[in-house]
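Encoded as structure tokens, the structure appears first; notes follow it.
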Amino acid sequence: MKLHFSHNLKLFLSSTVQAVIVYLFLLLLFAAFRIVILLFFNNSPEIYNETSDLLKAFFTGFRFDTMVIFYGLLPVMVLNLIGVFTSSKGEKYYARLTGIYHVYYTVLIMLMLIISVIDLYFYNFFMTRISVLIFGFVEDDTLAVLKAIWVDYPVIPILIGLIVAGWCAYKLVGFIQKVSLDKLNTSVAVNLILLVVVGFFFVFGIRGTFAFYPLKINDAIVSQYVFINNLVPNGVFALKTAFKDRKEQDVNVNTEKTIKKWGFASADEAISLYTGRQIPDNADSLKMALMDRTPVNDFLAQNKPNVVFVQMESMSEHFISMHDRENFNLLGALEDVLPDCIHFTHCLSATDATIHTLEGIMLNSPMTPVSQSIYMNKTLETSVAKPFKGQGYHTAFVTGSKLGWRNLDKFIPHQYFDTTEGSAHIEKNIPHTLSNEWGCYDEFMFDRMYDILQSGNGQPQFIFGMSITNHTPYSLPKTYKPYPVNIPDAIKPKFSSGEAYAQTHFSTYQYANDCLGRFIKKVKESPLGENTIIVATGDHTARRIFDYNDSEMLQKYAVPLIIYIPEKYRALVDMPDVNGFTSHKDIFPTIYHLSLSDAIYVKSGINLFDKDKLASNFAITGYKLLMTGEGCVFFDNKPVYYTWKDGEKTQLQPASGDIKQLEDDMKYAKSYTASMTYLIQRCLSGK
């Protein structure tokens, strides 16, 4: 038995060595395509001076290649491992596998070669690796596309080349399979150690990393240069990502279907209800009805303020209410500046997911993710940056995240932003930047935003920021010294997760708030403080910390809305009711009224400094839950109604008695969602 096992181990190692040679060959293949793209598609000579970034690109590319190849070799490794335990039949078992592998390796090599060739020509046309745009092959006029390919590309030479390559691959595999370790005189113990080592490297190779999360497409962002980032993924991984993006996208342009989904017979019915006036049933009138205009204001026309909006990761209003400076400090430096800000406490986030909230705010779109759809390169007039761009602002998007996340690098530049910066840009411009799994820590993002404000040279600046640090797996930069976070015993029974998890989350939440507070303070105490408006809110609330019941839906879904307004601009408005109900739809209409004179914008919500409108406003999250001064309605399927049971409107109870007002509120919220979806669909379709 021992002899058979020892012999089978050698057969396993021989077969595995052959697989390793195939792996090395495929590594060279992917690297060759990377070099071809670098040499033949680079139009910027300065790229060759970015030695560090290029090395990062090729090293990260090696990790992507390893991941893809190991997935391809997974059946081989499984079958090889089974052979170790086949007792006396090992010789016949591996001999049979040799014939199977000859065909399998050839097919694997050719499959990866063909996809790489397609990727190369795809890049030649779109200047990006394979993306969801490839599905246009079947969604557009397929015959026309085939004709264009026939005319524009050397189809016959490519086919001949692939046939020759297939023959060469078959011969190469036959040569590789002659490699054997039969004559290697090693003990069973050594062979077992080699088996474990092979297994260890295979497991980590198939993940592409030793880190907590497996390698993802956003890890391909290693530089501030888009071209260098495009070198990183191989064609196979790019195709896999395209299928994933395709599956996740939920973007269509069927306005009739949308209107009916929200319970309206026609677009004019929904939009008339939303706008409060009868709108003629024609496309131009319906579209124009969903636009609004700020008043003419000579002061704003002559004194355009800088505007900074920050979407903070997992920023919960409930957590702010638990803050205790000395013992359970959740605000850090934000506590010092909060009295100088307007802080809305009854605000709901657009959705409970970062990308959907980002697009909900930036595009006023309930339908997402556009960034991962075939429309990712479409410029949309619903973008919140457009009114600023139209009034001479420099517009910038800045995030600590890797720009490859959710295709931000491809999507954001089309939305009226002059510059789009992610972790690679921050690392390049801010010395000693520290990063975690998701990208740069928040403090460095804020440092970069401050630099952009300072470099305005008299041109007003609009910055849309997105933080990322307060995201699991939670971590803090080694340079940060936390304030005390001693969890009160009173809240521990409410935890839905372990205390250790909650502790790390609270500390990271504190860090993010501290960074925001330091940024506001830095701006406020500099000359920029005289003319820079800063607005911050959470993309969604914190997850996995508390078990919330139905009476605590405000605590479950509320995010803070914090607005810092310089004194000379604050004189233009009256103090609003900070306990009034609001949501992300109202943020930019409010910002426009604070900053722009005679500006046209999407009528997504209200100006929160209009007291009458705020008093009757509704807040909505996920396009399925609304809150008003009357109560709350959850209308994902069958509506569930609640009313407030306390004067501060923080605790809910099931509705009893007359719910007519809540039913009307729900109908109005649906008209809002139908109207905004109709508008974005019109923009996407170009009609």
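Chain labels follow the order of the structure tokens: the first chain is A, the next B, and so on; residue numbering restarts at 1 in every chain, and ligands are counted from 1 in their shown order.
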query: Counting only C-alpha atoms, what is within 9 Å of Pro484 of chain A, bar same-chain residues fewer than 3 positions away, as a list of chain:residue names?
result: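 Using only C-alpha atoms, the neighbours found are A:Arg325, A:Glu326, A:Asn327, A:Phe328, A:Asn329, A:Leu330, A:Ser507.
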Write out the residues from the selection above, keeping N, CA and C atoms, as an mmCIF file, in the first residue's frame.
data_model
loop_
_atom_site.group_PDB
_atom_site.id
_atom_site.type_symbol
_atom_site.label_atom_id
_atom_site.label_comp_id
_atom_site.auth_asym_id
_atom_site.auth_seq_id
_atom_site.Cartn_x
_atom_site.Cartn_y
_atom_site.Cartn_z
ATOM 1 N N ARG A 325 -18.391 62.460 24.286
ATOM 2 C CA ARG A 325 -17.033 62.949 24.044
ATOM 3 C C ARG A 325 -15.975 62.230 24.887
ATOM 4 N N GLU A 326 -16.264 62.014 26.156
ATOM 5 C CA GLU A 326 -15.244 61.491 27.061
ATOM 6 C C GLU A 326 -15.101 59.975 27.007
ATOM 7 N N ASN A 327 -16.199 59.267 26.766
ATOM 8 C CA ASN A 327 -16.161 57.808 26.882
ATOM 9 C C ASN A 327 -16.459 57.053 25.589
ATOM 10 N N PHE A 328 -17.432 57.531 24.839
ATOM 11 C CA PHE A 328 -17.862 56.818 23.621
ATOM 12 C C PHE A 328 -17.850 57.832 22.478
ATOM 13 N N ASN A 329 -16.649 58.208 22.103
ATOM 14 C CA ASN A 329 -16.457 59.303 21.160
ATOM 15 C C ASN A 329 -16.584 58.786 19.733
ATOM 16 N N LEU A 330 -17.642 59.172 19.066
ATOM 17 C CA LEU A 330 -17.896 58.708 17.701
ATOM 18 C C LEU A 330 -17.733 59.819 16.665
ATOM 19 N N SER A 507 -14.798 52.510 15.949
ATOM 20 C CA SER A 507 -13.521 53.226 15.859
ATOM 21 C C SER A 507 -13.290 53.771 14.454
#
task: Tell me which protein, DNA and RNA residues are within 9 Å of Ile109 of chain A, counting only C-alpha atoms, leaving out same-chain ones fewer than 6 positions away, and put them as a VMD selection string.
output: chain A and resid 22 25 to 26 166 169
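Proximity to Leu162 of chain A was assessed for A:Asn579, A:Ser455, A:Thr354, A:Ser116 counting only C-alpha atoms; the smallest distance is recorded for A:Ser116.
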Test item: residues at most 12 Å from Ile468 of chain A, only C-alpha atoms, excluding those fewer than 4 positions along its chain, as a ChimeraX atom specification: /A:310-315,354-355,398-403,405,422-423,435-446,472-476,508-509,511-513,515,538-539
field: Between atom CA of Pro639 of chain A and atom CA of Leu652 of chain A - distance in Å to one decimal
entry: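 Atom-to-atom, atom CA of Leu652 of chain A and atom CA of Pro639 of chain A are spaced 15.3 Å apart.
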Sorted by chain and rising residue number, which residues of segment 399-430 of chain A lie within 12 Å of segment 374-392 of chain A, and what are their closest atom pairs and distances in Å to one decimal, counting only C-alpha atoms, as CSV?
residue,atom,partner,partner_atom,distance
A:Arg406,CA,A:Met376,CA,10.0
A:Asn407,CA,A:Met376,CA,7.9
A:Leu408,CA,A:Met376,CA,9.0
A:Asp409,CA,A:Met376,CA,10.1
A:Lys410,CA,A:Asn377,CA,6.7
A:Phe411,CA,A:Met376,CA,5.1
A:Ile412,CA,A:Met376,CA,8.6
A:Pro413,CA,A:Asn377,CA,8.5
A:His414,CA,A:Thr379,CA,5.0
A:Gln415,CA,A:Thr379,CA,5.4
A:Tyr416,CA,A:Lys386,CA,5.6
A:Phe417,CA,A:Ala385,CA,6.6
A:Asp418,CA,A:Lys389,CA,8.7
A:Thr419,CA,A:Ala385,CA,11.6
Nearby residues (only C-alpha atoms) at most 10 Å from Asn80 of chain A, same-chain spacing under 4 positions excluded, as number ranges by chain: A: 8-9, 11-16, 74-76, 84-85, 93-94, 97
Those residues you just picked out, can you put them in a file as a PDB file, in the first residue's frame with C-alpha atoms?
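Result file selection-v1.pdb:
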ATOM      1  CA  ASN A   8       1.171   7.695  -7.076  1.00  0.00           C
ATOM      2  CA  LEU A   9       2.653  10.750  -5.376  1.00  0.00           C
ATOM      3  CA  LEU A  11       2.885  10.459 -10.770  1.00  0.00           C
ATOM      4  CA  PHE A  12       0.908  13.324  -9.196  1.00  0.00           C
ATOM      5  CA  LEU A  13       3.999  15.520  -9.061  1.00  0.00           C
ATOM      6  CA  SER A  14       4.961  14.660 -12.652  1.00  0.00           C
ATOM      7  CA  SER A  15       1.509  15.589 -13.907  1.00  0.00           C
ATOM      8  CA  THR A  16       1.534  18.733 -11.761  1.00  0.00           C
ATOM      9  CA  LEU A  74      -8.576  23.540 -11.400  1.00  0.00           C
ATOM     10  CA  PRO A  75     -10.044  20.369 -13.020  1.00  0.00           C
ATOM     11  CA  VAL A  76      -6.504  19.134 -13.642  1.00  0.00           C
ATOM     12  CA  VAL A  84      -2.945   9.863  -5.413  1.00  0.00           C
ATOM     13  CA  PHE A  85      -5.526   7.686  -3.661  1.00  0.00           C
ATOM     14  CA  TYR A  93      -5.292   6.285 -14.069  1.00  0.00           C
ATOM     15  CA  TYR A  94      -2.587   8.840 -14.862  1.00  0.00           C
ATOM     16  CA  LEU A  97      -5.414  11.373 -17.847  1.00  0.00           C
TER      17      LEU A  97
END
- line: Students should find that atom CA of Ala674 of chain A and atom CA of Lys585 of chain A are spaced 13.7 Å
- prompt: Which one is closest to Tyr170 of chain A: A:Thr106, A:Asn486, A:Thr541, A:Ser321? Count only C-alpha atoms.
  reply: A:Thr106
- request: Would you mind writing down, as a PyMOL selection string, each residue of segment 402-639 of chain A that DSSP on the backbone assigns to strand (DSSP E or B)?
  value: chain A and resi 419-421+435+439-440+461-466+485+495+532-538+546+558-564+581-583+600-602+619-621+625-627+631-634
How would the residues just chosen look if you wrote them out with N, CA and C atoms as a short mmCIF file (atom, residue, chain, number, x, y, z; two decimals), in the first residue's frame?
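After the write, result19.cif holds the following:
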data_model
loop_
_atom_site.label_atom_id
_atom_site.label_comp_id
_atom_site.auth_asym_id
_atom_site.auth_seq_id
_atom_site.Cartn_x
_atom_site.Cartn_y
_atom_site.Cartn_z
N THR A 419 -12.14 66.62 -14.00
CA THR A 419 -11.14 65.66 -13.54
C THR A 419 -11.80 64.58 -12.69
N THR A 420 -11.24 63.38 -12.78
CA THR A 420 -11.73 62.23 -12.01
C THR A 420 -10.52 61.60 -11.33
N GLU A 421 -10.50 61.60 -10.01
CA GLU A 421 -9.33 61.14 -9.28
C GLU A 421 -9.70 60.06 -8.26
N SER A 435 -2.94 53.32 2.67
CA SER A 435 -4.11 52.71 2.04
C SER A 435 -4.52 51.43 2.77
N GLY A 439 -8.70 51.20 -0.73
CA GLY A 439 -8.06 52.36 -1.33
C GLY A 439 -7.42 53.23 -0.26
N CYS A 440 -7.34 54.53 -0.53
CA CYS A 440 -6.68 55.45 0.41
C CYS A 440 -7.57 55.76 1.61
N GLN A 461 -14.75 76.25 -7.61
CA GLN A 461 -14.56 74.81 -7.66
C GLN A 461 -15.80 74.07 -7.17
N PHE A 462 -16.16 73.02 -7.90
CA PHE A 462 -17.17 72.07 -7.41
C PHE A 462 -16.49 70.72 -7.30
N ILE A 463 -16.50 70.16 -6.09
CA ILE A 463 -15.89 68.86 -5.84
C ILE A 463 -16.94 67.89 -5.31
N PHE A 464 -17.04 66.76 -5.96
CA PHE A 464 -17.91 65.66 -5.50
C PHE A 464 -16.98 64.59 -4.95
N GLY A 465 -17.02 64.39 -3.63
CA GLY A 465 -16.14 63.43 -3.00
C GLY A 465 -16.87 62.18 -2.54
N MET A 466 -16.15 61.07 -2.46
CA MET A 466 -16.72 59.82 -1.98
C MET A 466 -15.69 59.12 -1.10
N VAL A 485 -13.31 54.86 22.86
CA VAL A 485 -14.52 54.20 22.36
C VAL A 485 -14.87 53.07 23.33
N PHE A 495 -26.82 44.53 19.97
CA PHE A 495 -25.89 44.18 18.90
C PHE A 495 -26.38 42.96 18.12
N THR A 532 -16.49 78.89 0.76
CA THR A 532 -16.58 77.46 0.46
C THR A 532 -17.71 76.82 1.25
N ILE A 533 -18.70 76.30 0.53
CA ILE A 533 -19.81 75.57 1.13
C ILE A 533 -19.45 74.09 1.15
N ILE A 534 -19.65 73.44 2.29
CA ILE A 534 -19.33 72.02 2.42
C ILE A 534 -20.59 71.27 2.85
N VAL A 535 -20.91 70.21 2.12
CA VAL A 535 -22.09 69.40 2.42
C VAL A 535 -21.64 67.94 2.53
N ALA A 536 -22.09 67.26 3.57
CA ALA A 536 -21.72 65.85 3.75
C ALA A 536 -22.94 65.04 4.18
N THR A 537 -22.99 63.83 3.70
CA THR A 537 -24.07 62.90 4.09
C THR A 537 -23.55 61.47 3.95
N GLY A 538 -24.29 60.51 4.48
CA GLY A 538 -23.89 59.11 4.37
C GLY A 538 -24.47 58.47 3.12
N PHE A 546 -26.65 46.78 14.86
CA PHE A 546 -27.82 46.70 15.72
C PHE A 546 -28.96 45.93 15.05
N ALA A 558 -31.76 56.40 8.78
CA ALA A 558 -31.39 57.82 8.73
C ALA A 558 -29.88 58.02 8.63
N VAL A 559 -29.50 58.96 7.78
CA VAL A 559 -28.11 59.40 7.65
C VAL A 559 -28.08 60.90 7.95
N PRO A 560 -26.97 61.40 8.46
CA PRO A 560 -26.91 62.84 8.70
C PRO A 560 -26.79 63.62 7.39
N LEU A 561 -27.30 64.81 7.39
CA LEU A 561 -27.05 65.77 6.31
C LEU A 561 -26.48 67.01 6.97
N ILE A 562 -25.21 67.26 6.73
CA ILE A 562 -24.46 68.33 7.40
C ILE A 562 -24.06 69.38 6.37
N ILE A 563 -24.38 70.63 6.64
CA ILE A 563 -24.09 71.72 5.70
C ILE A 563 -23.34 72.83 6.41
N TYR A 564 -22.12 73.10 5.95
CA TYR A 564 -21.37 74.26 6.44
C TYR A 564 -21.51 75.38 5.42
N PHE A 581 -38.29 66.34 7.57
CA PHE A 581 -37.94 65.13 6.82
C PHE A 581 -37.37 65.48 5.45
N THR A 582 -36.26 64.84 5.14
CA THR A 582 -35.57 65.09 3.88
C THR A 582 -34.85 63.81 3.46
N SER A 583 -34.38 63.79 2.23
CA SER A 583 -33.57 62.67 1.75
C SER A 583 -32.63 63.19 0.68
N ILE A 600 -30.46 76.32 -14.21
CA ILE A 600 -31.44 75.27 -14.50
C ILE A 600 -30.93 73.95 -13.93
N TYR A 601 -31.81 73.22 -13.26
CA TYR A 601 -31.41 71.96 -12.65
C TYR A 601 -32.59 70.98 -12.65
N VAL A 602 -32.29 69.72 -12.37
CA VAL A 602 -33.33 68.69 -12.31
C VAL A 602 -34.19 68.90 -11.07
N ALA A 619 -39.46 62.09 2.75
CA ALA A 619 -38.15 61.46 2.62
C ALA A 619 -38.37 60.06 2.08
N ILE A 620 -37.43 59.60 1.25
CA ILE A 620 -37.59 58.27 0.64
C ILE A 620 -36.25 57.57 0.57
N THR A 621 -36.25 56.27 0.81
CA THR A 621 -35.03 55.47 0.67
C THR A 621 -35.35 54.17 -0.05
N LEU A 625 -39.54 52.99 0.71
CA LEU A 625 -39.90 53.38 2.07
C LEU A 625 -39.87 54.89 2.18
N LEU A 626 -40.99 55.47 2.63
CA LEU A 626 -41.06 56.92 2.77
C LEU A 626 -41.41 57.30 4.19
N MET A 627 -40.96 58.50 4.56
CA MET A 627 -41.30 59.07 5.86
C MET A 627 -41.73 60.51 5.67
N GLY A 631 -46.05 60.02 9.23
CA GLY A 631 -45.65 58.66 9.59
C GLY A 631 -44.74 58.06 8.54
N CYS A 632 -44.90 56.77 8.30
CA CYS A 632 -44.00 56.03 7.43
C CYS A 632 -44.81 54.99 6.64
N VAL A 633 -44.41 54.77 5.39
CA VAL A 633 -45.03 53.73 4.56
C VAL A 633 -43.92 52.88 3.94
N PHE A 634 -44.01 51.59 4.12
CA PHE A 634 -43.12 50.65 3.44
C PHE A 634 -43.93 50.02 2.32
#
message: Measuring between only C-alpha atoms, which one of A:Gly199, A:Val308, A:Ile565, A:Val253 shows the shortest distance to Val337 of chain A?
response: A:Ile565
